[in-house]
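Below: the structure, in structure tokens.
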Amino acid sequence: CRPGGNHAPEPGRLPQSWRSLRGINGHVVSPQCHADPMSYCSNGHGRRASKRIEFNEMNILLARPPRRNARDSGLSVPPLGLAYVAAALRENGHKVEILDAYVQRWSWERFTNAIQSKKPTVFGLSAMTPNADVAAKAAKLARPFVQHIVLGGPHPTAVKMDVFSEMPHLDAAVVGEGEHVSVALMDWWERNEDGPPPLGVLTRNHEFKPATPESRLTALPRPARDLLPNDTYRYLF
């Protein structure tokens with residue numbers, strides 16, 4: 001996709017002037033298309049990316065923090081929300097890891113040491129309101145070792161901008177479905193722009209504009225279950 005002109009790029013490369021972005025499901029989209037991360041550029045501004053095009057990858061650690069206390073006997077089921085987001089990010093060229101400290105019954109000290117050792121570019125969390133305090137603690141512990149911290153899930157979707165007063169160590173939060181919005185957010189951070197974030201992303205200094213949810217389930221990649229410690233999960237039945 002390009003903002004204008006009829007000259008094709010050299011195979012496998014994109015002109016700097018295009019400022020091309022990684023888009024949805026492998027598309028390369030121009031700034032016009034990137035205004036809405038849910039858009040597939042039906043206005044003609046999109047095309048399938050060449051497999052030879054290489055993007056700058058970000059090291060992303062998505063984490064489910066440890067239990068609030070060692071006696072917590074919560075149900076140890078897979079964090080499929082994180083797995084769906086991980087799949088979308090990985091499909092778009094990023095290096096992603098999921099750390100489920102909850103199911104592995106890690107201590108908070110071990111959790112913090114792991115983050116310090118990995119030093120990811122982006123540290124991602126998800127939270128419902130009943131465990132928002134746990135996410136806030138994880139963000140605080142991770143802050144010295146990561147560049148960006150983002151929170152998704154039902155809690156930021158419900159409280160929106162209030163999440164930044166509750167969790168002062170956050171850089172951004174995702175409202176609503178996170179698969180495509182997270183991809184757009186990583187692109188925004190990669191470009192290190194000062195302008196407004198993608199639709200669906202909360203930041204402290206910009207007006208929030210919602211994204212349009214993806215209505216086609218077939219557009220979502222299958223969750224990245226291979227990144228989870230699958231032999232540790234248990235169900236009630």
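Ordering of the structure tokens sets the chain letters (A, B, ...), residue numbers begin anew at 1 in every chain, and ligands are numbered from 1 in the order given.
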Report as a PyMOL selection string all protein, DNA and RNA residues lying within 7 Å of Ile60 (chain A), evaluated on only C-alpha atoms, omitting residues in the same chain fewer than 6 positions from it. chain A and resi 95-97+120-123
Assign secondary structure with DSSP using the backbone only, and return the residues of region 38-149 of chain A in helix (DSSP H, G or I) as a PyMOL selection string. chain A and resi 80-91+108-118+129-145
From a DSSP calculation on the backbone, collect every residue of region 55-236 of chain A in strand (DSSP E or B) and output the set as a VMD selection string. chain A and resid 59 to 64 95 to 100 122 to 126 148 to 152 172 to 174 201 to 202
Produce a file of the selected residues containing N, CA, C and O atoms, as a short mmCIF file (atom, residue, chain, number, x, y, z; two decimals), in the first residue's frame.
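And here's part-v7.cif as it stands now:
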```cif
data_model
loop_
_atom_site.label_atom_id
_atom_site.label_comp_id
_atom_site.auth_asym_id
_atom_site.auth_seq_id
_atom_site.Cartn_x
_atom_site.Cartn_y
_atom_site.Cartn_z
N ASN A 59 10.57 -7.76 21.67
CA ASN A 59 10.50 -8.87 22.62
C ASN A 59 9.39 -8.58 23.61
O ASN A 59 9.44 -7.60 24.36
N ILE A 60 8.38 -9.42 23.60
CA ILE A 60 7.17 -9.17 24.39
C ILE A 60 6.97 -10.32 25.37
O ILE A 60 6.99 -11.48 24.99
N LEU A 61 6.78 -9.96 26.62
CA LEU A 61 6.48 -10.93 27.67
C LEU A 61 5.08 -10.67 28.18
O LEU A 61 4.79 -9.63 28.77
N LEU A 62 4.18 -11.63 27.94
CA LEU A 62 2.83 -11.57 28.48
C LEU A 62 2.80 -12.44 29.73
O LEU A 62 3.25 -13.59 29.69
N ALA A 63 2.28 -11.91 30.81
CA ALA A 63 2.42 -12.63 32.08
C ALA A 63 1.11 -12.70 32.84
O ALA A 63 0.31 -11.76 32.84
N ARG A 64 0.92 -13.85 33.49
CA ARG A 64 -0.09 -13.96 34.55
C ARG A 64 0.68 -14.02 35.85
O ARG A 64 1.45 -14.95 36.08
N LYS A 95 8.52 -11.34 18.67
CA LYS A 95 8.94 -12.44 19.54
C LYS A 95 8.14 -12.36 20.83
O LYS A 95 8.20 -11.36 21.55
N VAL A 96 7.38 -13.40 21.13
CA VAL A 96 6.44 -13.37 22.26
C VAL A 96 6.67 -14.57 23.16
O VAL A 96 6.93 -15.68 22.69
N GLU A 97 6.55 -14.32 24.44
CA GLU A 97 6.62 -15.38 25.45
C GLU A 97 5.49 -15.16 26.45
O GLU A 97 5.12 -14.03 26.74
N ILE A 98 4.92 -16.26 26.93
CA ILE A 98 3.91 -16.18 27.99
C ILE A 98 4.51 -16.79 29.25
O ILE A 98 5.01 -17.91 29.23
N LEU A 99 4.42 -16.05 30.33
CA LEU A 99 4.88 -16.53 31.64
C LEU A 99 3.66 -16.66 32.55
O LEU A 99 3.07 -15.65 32.95
N ASP A 100 3.28 -17.89 32.85
CA ASP A 100 2.15 -18.12 33.74
C ASP A 100 2.67 -18.50 35.12
O ASP A 100 2.80 -19.69 35.45
N VAL A 122 8.43 -5.13 25.97
CA VAL A 122 7.06 -4.88 26.39
C VAL A 122 6.64 -5.95 27.40
O VAL A 122 6.87 -7.14 27.19
N PHE A 123 6.01 -5.49 28.47
CA PHE A 123 5.49 -6.38 29.50
C PHE A 123 3.97 -6.21 29.50
O PHE A 123 3.46 -5.11 29.72
N GLY A 124 3.25 -7.30 29.20
CA GLY A 124 1.81 -7.22 29.08
C GLY A 124 1.08 -8.03 30.14
O GLY A 124 1.50 -9.13 30.48
N LEU A 125 0.00 -7.46 30.65
CA LEU A 125 -0.81 -8.09 31.68
C LEU A 125 -2.28 -8.02 31.29
O LEU A 125 -2.68 -7.19 30.46
N SER A 126 -3.07 -8.88 31.90
CA SER A 126 -4.52 -8.81 31.75
C SER A 126 -5.13 -8.89 33.14
O SER A 126 -4.60 -9.57 34.02
N HIS A 148 8.12 -0.81 28.12
CA HIS A 148 6.69 -0.48 28.06
C HIS A 148 5.89 -1.49 28.87
O HIS A 148 6.20 -2.69 28.85
N ILE A 149 4.84 -1.01 29.54
CA ILE A 149 3.91 -1.89 30.26
C ILE A 149 2.50 -1.58 29.78
O ILE A 149 2.07 -0.42 29.76
N VAL A 150 1.77 -2.64 29.41
CA VAL A 150 0.41 -2.48 28.92
C VAL A 150 -0.50 -3.46 29.65
O VAL A 150 -0.11 -4.58 29.96
N LEU A 151 -1.72 -3.01 29.92
CA LEU A 151 -2.73 -3.83 30.59
C LEU A 151 -3.94 -3.96 29.69
O LEU A 151 -4.41 -2.98 29.10
N GLY A 152 -4.47 -5.17 29.59
CA GLY A 152 -5.72 -5.41 28.88
C GLY A 152 -6.68 -6.15 29.78
O GLY A 152 -6.42 -6.37 30.96
N ALA A 172 0.18 2.11 28.96
CA ALA A 172 -0.99 2.07 28.09
C ALA A 172 -1.92 0.96 28.56
O ALA A 172 -1.52 0.06 29.32
N ALA A 173 -3.16 1.03 28.11
CA ALA A 173 -4.13 -0.01 28.38
C ALA A 173 -4.97 -0.22 27.14
O ALA A 173 -5.21 0.71 26.36
N VAL A 174 -5.42 -1.45 26.95
CA VAL A 174 -6.24 -1.81 25.79
C VAL A 174 -7.67 -1.99 26.25
O VAL A 174 -7.94 -2.70 27.22
N VAL A 201 -6.73 2.10 22.30
CA VAL A 201 -5.62 2.18 23.24
C VAL A 201 -5.77 3.41 24.13
O VAL A 201 -5.96 4.53 23.64
N LEU A 202 -5.68 3.20 25.43
CA LEU A 202 -5.68 4.28 26.42
C LEU A 202 -4.25 4.69 26.74
O LEU A 202 -3.40 3.84 27.00
#
```
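Straight-line separation from CA of Asp72 (chain A) to CA of Asp133 (chain A): 14.6 Å.
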Considering only C-alpha atoms, can you say which of A:Val183, A:Val175, A:Ala83, A:Met167 comes closest to Ala135 (chain A)?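 That would be A:Met167, the residue with the smallest distance to Ala135 (chain A).
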